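To be precise, the following lines are upload.txt, and they hold compact mmCIF, C-alpha atoms.
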# COMPACT_ATOMS: atom_id res chain seq x y z
CA MET A 1 154.81 83.67 114.27
CA THR A 2 153.83 82.41 110.83
CA GLY A 3 152.04 79.08 110.77
CA VAL A 4 152.63 76.63 107.92
CA ALA A 5 150.14 74.10 106.55
CA THR A 6 151.02 71.58 103.86
CA THR A 7 147.81 69.52 103.77
CA ARG A 8 144.16 70.42 103.44
CA ALA A 9 143.51 69.03 106.92
CA GLU A 10 146.24 71.20 108.45
CA LEU A 11 144.89 74.21 106.56
CA ALA A 12 141.35 73.64 107.80
CA ALA A 13 142.53 73.37 111.39
CA ALA A 14 144.67 76.52 111.16
CA ARG A 15 142.02 78.47 109.24
CA ALA A 16 139.50 77.89 112.04
CA GLY A 17 141.66 79.94 114.39
CA LEU A 18 142.19 82.96 112.14
CA SER A 19 140.55 86.28 112.93
CA ALA A 20 138.64 88.22 110.29
CA PRO A 21 139.07 89.77 107.86
CA VAL A 22 141.13 87.05 106.23
CA VAL A 23 143.14 88.44 103.33
CA LEU A 24 144.59 85.98 100.81
CA VAL A 25 147.73 86.45 98.71
CA PRO A 26 147.96 83.59 96.18
CA THR A 27 151.50 83.03 94.85
CA MET A 28 153.64 80.45 93.09
CA GLY A 29 156.51 81.15 95.46
CA ALA A 30 159.95 82.49 94.52
CA LEU A 31 158.83 85.58 96.39
CA HIS A 32 160.45 88.90 95.54
CA SER A 33 159.96 92.62 96.16
CA GLY A 34 156.76 92.63 94.13
CA HIS A 35 155.27 89.96 96.37
CA ARG A 36 156.39 91.93 99.40
CA SER A 37 154.30 94.86 98.17
CA LEU A 38 151.31 92.52 97.90
CA LEU A 39 151.87 91.30 101.46
CA GLN A 40 152.13 94.83 102.75
CA GLN A 41 148.89 95.81 101.02
CA ALA A 42 147.22 92.70 102.41
CA SER A 43 148.43 93.60 105.90
CA GLU A 44 146.95 97.08 105.59
CA ILE A 45 143.61 95.61 104.54
CA ALA A 46 143.65 93.04 107.36
CA GLY A 47 144.43 95.73 109.92
CA THR A 48 145.35 94.92 113.48
CA SER A 49 142.50 92.46 113.95
CA GLY A 50 142.64 90.49 110.69
CA SER A 51 144.86 87.77 109.23
CA VAL A 52 146.98 87.47 106.09
CA VAL A 53 147.16 84.06 104.41
CA VAL A 54 149.67 83.25 101.66
CA THR A 55 149.42 80.26 99.36
CA ILE A 56 152.59 78.95 97.70
CA PHE A 57 151.78 76.52 94.92
CA VAL A 58 153.35 76.06 91.50
CA ASN A 59 150.23 75.13 89.57
CA PRO A 60 151.01 72.58 86.84
CA ARG A 61 147.69 73.18 85.10
CA GLN A 62 148.70 76.66 83.95
CA PHE A 63 151.92 75.55 82.25
CA GLY A 64 151.91 74.40 78.64
CA PRO A 65 153.94 71.40 77.41
CA ASN A 66 156.84 73.59 76.25
CA GLU A 67 156.84 76.00 79.20
CA ASP A 68 159.07 76.24 82.25
CA LEU A 69 157.26 74.17 84.90
CA ASP A 70 160.34 72.13 85.84
CA ARG A 71 162.59 75.19 85.64
CA TYR A 72 160.31 77.47 87.64
CA PRO A 73 162.19 78.60 90.78
CA ARG A 74 161.22 77.00 94.08
CA THR A 75 162.61 78.76 97.16
CA LEU A 76 160.31 77.72 99.99
CA ASP A 77 162.67 78.44 102.91
CA ASP A 78 163.35 81.96 101.67
CA ASP A 79 159.65 82.45 100.97
CA LEU A 80 158.70 81.48 104.51
CA ALA A 81 161.30 83.87 105.92
CA LEU A 82 159.88 86.76 103.87
CA CYS A 83 156.34 85.90 105.00
CA ALA A 84 157.47 85.90 108.62
CA GLU A 85 159.09 89.32 108.15
CA GLU A 86 155.78 90.70 106.86
CA GLY A 87 153.69 89.24 109.68
CA VAL A 88 151.81 86.66 107.63
CA ALA A 89 149.56 84.56 109.87
CA LEU A 90 149.47 81.39 107.77
CA VAL A 91 151.22 79.94 104.73
CA PHE A 92 149.60 77.09 102.81
CA ALA A 93 152.29 75.28 100.78
CA PRO A 94 150.72 72.07 99.49
CA ALA A 95 152.06 69.33 97.25
CA VAL A 96 150.34 68.85 93.90
CA ARG A 97 148.40 65.82 95.19
CA GLU A 98 146.79 67.97 97.89
CA ILE A 99 145.33 70.34 95.31
CA TYR A 100 144.71 67.74 92.60
CA PRO A 101 144.11 64.31 94.18
CA ALA A 102 142.96 63.37 90.68
CA ASP A 103 142.64 65.24 87.40
CA PRO A 104 139.60 67.52 87.78
CA LEU A 105 136.69 66.59 85.54
CA VAL A 106 135.13 70.04 85.95
CA THR A 107 137.27 73.13 85.31
CA VAL A 108 136.63 76.86 84.91
CA ASP A 109 136.04 78.28 81.43
CA PRO A 110 137.62 81.76 81.31
CA GLY A 111 135.18 82.98 78.65
CA PRO A 112 135.91 85.30 75.71
CA ALA A 113 138.26 87.62 77.63
CA GLY A 114 140.41 84.62 78.44
CA GLN A 115 140.87 83.57 74.82
CA VAL A 116 142.83 86.62 73.65
CA LEU A 117 146.35 87.93 74.36
CA GLU A 118 147.77 85.61 77.05
CA GLY A 119 144.95 83.18 76.35
CA GLU A 120 145.90 83.02 72.68
CA PHE A 121 149.63 82.63 73.22
CA ARG A 122 149.25 80.25 76.17
CA PRO A 123 146.29 77.97 75.36
CA GLY A 124 144.67 76.59 78.49
CA PHE A 125 146.56 79.00 80.74
CA PHE A 126 143.61 80.91 82.14
CA GLY A 127 141.52 77.77 82.59
CA GLY A 128 144.35 76.46 84.76
CA VAL A 129 144.69 79.74 86.65
CA LEU A 130 140.99 80.15 87.39
CA THR A 131 140.54 76.51 88.36
CA VAL A 132 143.32 76.66 90.96
CA VAL A 133 142.23 80.08 92.25
CA LEU A 134 138.70 78.77 92.72
CA LYS A 135 140.08 75.79 94.66
CA LEU A 136 142.29 78.04 96.79
CA PHE A 137 139.36 80.35 97.53
CA ALA A 138 137.29 77.35 98.61
CA LEU A 139 140.07 75.99 100.83
CA THR A 140 141.17 79.24 102.49
CA ARG A 141 137.74 80.99 102.55
CA PRO A 142 139.13 84.55 102.40
CA ASP A 143 137.15 87.75 102.74
CA VAL A 144 139.57 89.57 100.42
CA ALA A 145 142.21 88.49 97.90
CA VAL A 146 144.91 90.74 96.46
CA PHE A 147 146.43 90.37 92.99
CA GLY A 148 149.10 92.38 91.19
CA GLN A 149 148.23 94.73 88.35
CA LYS A 150 151.19 93.35 86.37
CA ASP A 151 149.06 90.31 85.56
CA ALA A 152 146.21 92.54 84.40
CA GLN A 153 144.30 89.95 82.39
CA GLN A 154 144.49 87.42 85.22
CA LEU A 155 143.31 90.08 87.67
CA ALA A 156 140.30 90.95 85.50
CA LEU A 157 139.31 87.31 85.04
CA VAL A 158 139.60 86.46 88.74
CA ARG A 159 137.45 89.49 89.56
CA GLN A 160 134.88 88.38 87.00
CA MET A 161 134.88 84.81 88.30
CA SER A 162 134.33 86.00 91.88
CA ALA A 163 131.42 88.16 90.77
CA ASP A 164 129.84 85.64 88.37
CA PHE A 165 130.01 82.76 90.85
CA ASN A 166 128.97 84.84 93.88
CA LEU A 167 132.08 83.76 95.75
CA GLY A 168 131.90 86.61 98.24
CA VAL A 169 135.61 87.38 97.84
CA GLU A 170 136.56 90.99 97.21
CA VAL A 171 139.43 91.04 94.70
CA ILE A 172 141.68 94.06 95.17
CA PRO A 173 144.42 95.10 92.70
CA VAL A 174 147.88 96.21 93.81
CA PRO A 175 149.90 98.49 91.49
CA THR A 176 152.79 96.90 89.63
CA PHE A 177 155.97 96.98 91.69
CA ARG A 178 158.98 98.05 89.65
CA ASP A 179 162.67 97.69 90.36
CA PRO A 180 164.67 100.94 90.44
CA ASP A 181 165.48 100.58 86.73
CA GLY A 182 161.77 100.36 85.87
CA LEU A 183 161.48 96.64 85.10
CA ALA A 184 158.34 95.08 86.54
CA ALA A 185 159.28 92.68 89.34
CA SER A 186 158.87 89.04 88.32
CA SER A 187 160.11 85.66 89.51
CA ARG A 188 161.37 85.10 85.97
CA ASN A 189 163.65 88.16 86.03
CA ARG A 190 166.32 86.03 87.70
CA TYR A 191 166.74 84.18 84.41
CA LEU A 192 167.93 87.35 82.63
CA SER A 193 171.61 88.01 82.03
CA GLY A 194 172.85 91.58 82.39
CA ALA A 195 172.65 92.14 78.63
CA GLU A 196 169.19 90.58 78.46
CA ARG A 197 167.93 92.77 81.29
CA ALA A 198 169.07 95.84 79.34
CA VAL A 199 166.95 94.64 76.43
CA ALA A 200 164.02 93.83 78.74
CA LEU A 201 163.94 97.45 79.87
CA THR A 202 162.59 98.27 76.41
CA LEU A 203 159.22 96.97 77.61
CA PRO A 204 158.51 99.53 80.37
CA THR A 205 160.19 102.26 78.32
CA ALA A 206 157.87 101.56 75.38
CA LEU A 207 154.81 101.49 77.63
CA GLN A 208 155.70 104.84 79.14
CA ALA A 209 156.28 106.28 75.67
CA GLY A 210 152.80 105.12 74.70
CA LEU A 211 151.27 106.49 77.90
CA ALA A 212 152.81 109.89 77.20
CA GLU A 213 150.80 110.08 73.96
CA ALA A 214 147.41 109.47 75.60
CA LYS A 215 146.13 112.96 74.77
CA GLU A 216 146.74 112.21 71.08
CA GLY A 217 144.47 109.16 71.12
CA PRO A 218 144.72 105.36 70.95
CA LEU A 219 146.50 105.14 67.60
CA ALA A 220 149.24 107.50 68.78
CA VAL A 221 149.69 105.46 71.97
CA LEU A 222 150.22 102.25 70.03
CA ALA A 223 152.50 103.90 67.49
CA ALA A 224 154.76 105.40 70.14
CA ALA A 225 155.16 102.08 71.95
CA ARG A 226 155.73 100.11 68.76
CA ALA A 227 158.39 102.54 67.56
CA LEU A 228 160.59 101.41 70.45
CA LEU A 229 159.69 97.72 70.44
CA ASP A 230 160.03 96.92 66.74
CA PRO A 231 163.79 97.58 66.49
CA ALA A 232 164.58 95.95 69.85
CA PRO A 233 166.33 92.53 69.87
CA LEU A 234 163.40 90.67 71.39
CA VAL A 235 160.59 88.44 70.16
CA LEU A 236 157.31 90.30 70.50
CA ASP A 237 154.25 88.15 71.18
CA TYR A 238 151.89 91.09 71.28
CA LEU A 239 151.49 94.79 71.87
CA ALA A 240 147.83 95.66 72.40
CA LEU A 241 145.61 98.46 73.59
CA VAL A 242 142.36 97.08 74.97
CA ASP A 243 139.28 98.04 76.93
CA ALA A 244 140.21 97.42 80.57
CA GLN A 245 136.88 95.68 81.24
CA THR A 246 136.29 93.52 78.15
CA PHE A 247 139.78 93.21 76.67
CA ALA A 248 138.32 94.08 73.27
CA PRO A 249 140.65 96.24 71.13
CA ALA A 250 140.50 99.96 71.89
CA GLY A 251 140.02 101.57 68.48
CA ALA A 252 140.71 105.11 67.31
CA ALA A 253 137.48 106.50 68.82
CA PHE A 254 137.80 104.71 72.18
CA THR A 255 137.10 106.66 75.36
CA GLY A 256 137.42 105.42 78.91
CA THR A 257 140.01 103.28 80.67
CA ALA A 258 142.27 101.08 78.56
CA LEU A 259 145.25 98.83 79.12
CA LEU A 260 148.40 98.99 77.04
CA LEU A 261 149.86 95.50 77.29
CA VAL A 262 153.01 93.86 76.02
CA ALA A 263 154.42 90.35 76.07
CA ALA A 264 157.84 89.45 74.67
CA ARG A 265 160.65 86.95 74.91
CA VAL A 266 164.09 88.19 75.82
CA GLY A 267 166.45 85.32 75.27
CA SER A 268 164.63 82.31 76.74
CA THR A 269 162.62 84.39 79.23
CA ARG A 270 159.07 85.51 78.57
CA LEU A 271 158.00 88.77 80.21
CA ILE A 272 154.72 90.70 80.39
CA ASP A 273 153.93 94.26 81.45
CA ASN A 274 151.19 96.85 81.13
CA VAL A 275 150.10 100.37 82.00
CA ILE A 276 146.64 101.87 82.50
CA VAL A 277 145.77 104.56 79.95
CA GLY A 278 142.81 106.91 80.25
CA PHE A 279 141.14 108.48 77.21
CA GLY A 280 138.50 111.19 77.14
CA ASP A 281 137.14 111.93 80.59
CA SER A 282 139.03 109.03 82.18
CA VAL A 283 141.98 110.19 84.25
CA GLU A 284 143.15 106.81 85.60
CA ARG A 285 146.63 106.29 84.20
CA GLY A 286 149.91 104.63 85.06
CA ASN A 287 151.05 101.63 87.14
Structure rendered as structure tokens:
Amino acid sequence: MTGVATTRAELAAARAGLSAPVVLVPTMGALHSGHRSLLQQASEIAGTSGSVVVTIFVNPRQFGPNEDLDRYPRTLDDDLALCAEEGVALVFAPAVREIYPADPLVTVDPGPAGQVLEGEFRPGFFGGVLTVVLKLFALTRPDVAVFGQKDAQQLALVRQMSADFNLGVEVIPVPTFRDPDGLAASSRNRYLSGAERAVALTLPTALQAGLAEAKEGPLAVLAAARALLDPAPLVLDYLALVDAQTFAPAGAAFTGTALLLVAARVGSTRLIDNVIVGFGDSVERGN
């Protein structure tokens, strides 16, 4: 049976009874098939003796003034049912005042890798993400946390924060879960009309076209992806090929593991996606 805590005191009491390893899945709720894949990976890591903890919290500090905080879907009853189906031991679903009793005077600086791409188009976003993740790590005290590869820049920054601050939390990526048509699963997909979803499919199609050109080098990868995105009826925020570690641009002579990332607006819905691309001796590709 899945336990539910809504206050820090309830969480502390429930956390004391959890068996190790404790595996955390941080979410903003509105759980879907992609989240289910995270829960299943977390369950495998926890094994028969460990515990999976899910946090459900729509973090106001990672939404800009013109973003969809009020519109963001909140489906707690359905979320709890999905967690129960997947054998989650504990769900922490706090109100904002439980996480932020007052505005924090000290927050996390995401550093240079957090100022580009999503950090450029959503100022303050990664500071808000890392601050709440640090708080959730402190409150739930996990041994392991799992994050989806779809949010590749977030994943890299959380990993770096855990290492730089000696948090003792192993951050494990889970491959992007895609719907049968290829669109990366996202809570925001529910905003898309049928026609808009058809346009949104340009994103994964363009990424796969770029990936197919990996043997021809970075410039060919970008060109192949852009050839499909430029004529599409969407608003492109960025298409970028970057070093998977530093998020610096991967130039013509780049070798190693890169990320091909895209962010675009389809109608009023903003979507992101990415694939891993290996150049030279690197063979890690896909997702």
Q) region 27-41 of chain A: which residues within 7 Å, counting all atoms listed in the file, same-chain residues fewer than 3 positions away excluded, as a PyMOL selection string? A) chain A and resi 44-45+55-58+73-76+79+86+146+174+177+185+187
Q: Report the distance between CA of Ala264 (chain A) and CA of Leu155 (chain A) in Å, rounded to one decimal place.
A: 19.5 Å
Q.
What's around Pro110 (chain A) at 7 Å? Count all atoms listed in the file, leave out sequence neighbours fewer than 4 positions away in its own chain, and write the answer as a PyMOL selection string.
A. chain A and resi 114+126-127+157
For C-alpha atoms, I'd like the residues from the last selection saved as a compact mmCIF listing (two decimals), keeping the file's coordinate frame.
# COMPACT_ATOMS: atom_id res chain seq x y z
CA GLY A 114 140.41 84.62 78.44
CA PHE A 126 143.61 80.91 82.14
CA GLY A 127 141.52 77.77 82.59
CA LEU A 157 139.31 87.31 85.04
Q: Name the residues in contact with Arg265 (chain A) at a cut-off of 12 Å, using all atoms listed in the file, excluding same-chain residues fewer than 2 positions from it; report them as a list in words.
A: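 Here the answer would be Phe121, Arg188, Asn189, Tyr191, Leu192, Glu196, Arg197, Val199, Ala200, Thr202, Leu203, Leu229, Ala232, Pro233, Leu234, Val235, Leu236, Asp237, Tyr238, Val262, Ala263, Gly267, Ser268, Thr269, Arg270, Leu271, Ile272 and Asp273 of chain A.
Between CA of Leu222 (chain A) and CA of Thr246 (chain A) lies a distance of 18.3 Å.
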Quick one: 5 Å padding each side, axis-aligned, all listed atoms of region 118-127 of chain A - centre and edge lengths in Å to one decimal, as lines of an AutoDock Vina configuration file?
center_x = 145.6
center_y = 81.1
center_z = 77.6
size_x = 18.1
size_y = 19.0
size_z = 19.9
Q: Excluding Gly17 (chain A) and any residue of its chain fewer than 2 positions from it, enumerate the residues within 12 Å of it, using only C-alpha atoms, and give them as a list in words.
A: Gly3, Glu10, Leu11, Ala12, Ala13, Ala14, Arg15, Ser19, Ala20, Val22, Gly50, Ser51, Ala89, Leu90 and Thr140 of chain A
Export of the given selection (C-alpha atoms) as a compact mmCIF listing (two decimals), in the frame of the given file:
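File result_16.txt, as written:
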# COMPACT_ATOMS: atom_id res chain seq x y z
CA GLY A 3 152.04 79.08 110.77
CA GLU A 10 146.24 71.20 108.45
CA LEU A 11 144.89 74.21 106.56
CA ALA A 12 141.35 73.64 107.80
CA ALA A 13 142.53 73.37 111.39
CA ALA A 14 144.67 76.52 111.16
CA ARG A 15 142.02 78.47 109.24
CA SER A 19 140.55 86.28 112.93
CA ALA A 20 138.64 88.22 110.29
CA VAL A 22 141.13 87.05 106.23
CA GLY A 50 142.64 90.49 110.69
CA SER A 51 144.86 87.77 109.23
CA ALA A 89 149.56 84.56 109.87
CA LEU A 90 149.47 81.39 107.77
CA THR A 140 141.17 79.24 102.49
Q) So which residues touch Gln154 (chain A) within 12 Å, counting all atoms listed in the file, skipping near sequence neighbours fewer than 3 positions away, as a count of residues only? A) 33
Using all atoms listed in the file, list the residues that have an atom at most 9 Å from (148.1, 74.3, 98.8), coordinates as in the file, as a JSON list (two decimals) with C-alpha atoms, keeping the file's coordinate frame.
[["chain", "number", "residue", "atom", "x", "y", "z"],
["A", 5, "ALA", "CA", 150.14, 74.10, 106.55],
["A", 6, "THR", "CA", 151.02, 71.58, 103.86],
["A", 7, "THR", "CA", 147.81, 69.52, 103.77],
["A", 8, "ARG", "CA", 144.16, 70.42, 103.44],
["A", 11, "LEU", "CA", 144.89, 74.21, 106.56],
["A", 55, "THR", "CA", 149.42, 80.26, 99.36],
["A", 56, "ILE", "CA", 152.59, 78.95, 97.70],
["A", 57, "PHE", "CA", 151.78, 76.52, 94.92],
["A", 91, "VAL", "CA", 151.22, 79.94, 104.73],
["A", 92, "PHE", "CA", 149.60, 77.09, 102.81],
["A", 93, "ALA", "CA", 152.29, 75.28, 100.78],
["A", 94, "PRO", "CA", 150.72, 72.07, 99.49],
["A", 95, "ALA", "CA", 152.06, 69.33, 97.25],
["A", 96, "VAL", "CA", 150.34, 68.85, 93.90],
["A", 98, "GLU", "CA", 146.79, 67.97, 97.89],
["A", 99, "ILE", "CA", 145.33, 70.34, 95.31],
["A", 136, "LEU", "CA", 142.29, 78.04, 96.79],
["A", 139, "LEU", "CA", 140.07, 75.99, 100.83]]
Q: Find, counting only C-alpha atoms, the residue in A:Ala250, A:Ser186, A:Val275, A:Gly168 that gets nearest to Ala209 (chain A).
A: A:Val275
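In this model, the gap between CA of Ala225 (chain A) and CA of Glu120 (chain A) comes to 21.2 Å.
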Q: Rank A:Ala224, A:Ala252, A:Val4, A:Leu18 by their smallest atom-to-atom distance to Pro142 (chain A), using all atoms listed in the file, and report the top residue only.
A: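 For Pro142 (chain A), the nearest of the candidates is A:Leu18.
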Q: Kindly indicate which residue among A:Leu211, A:Ala227, A:Leu167, A:Leu260 lies nearest to Gln153 (chain A), using only C-alpha atoms for the distances.
A: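 Closest candidate: A:Leu260.
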Q.
Which residue is closest to Gly194 (chain A)? Choose from A:Val25, A:Ala214, A:Leu207, A:Val266 and count all atoms listed in the file.
A. A:Val266
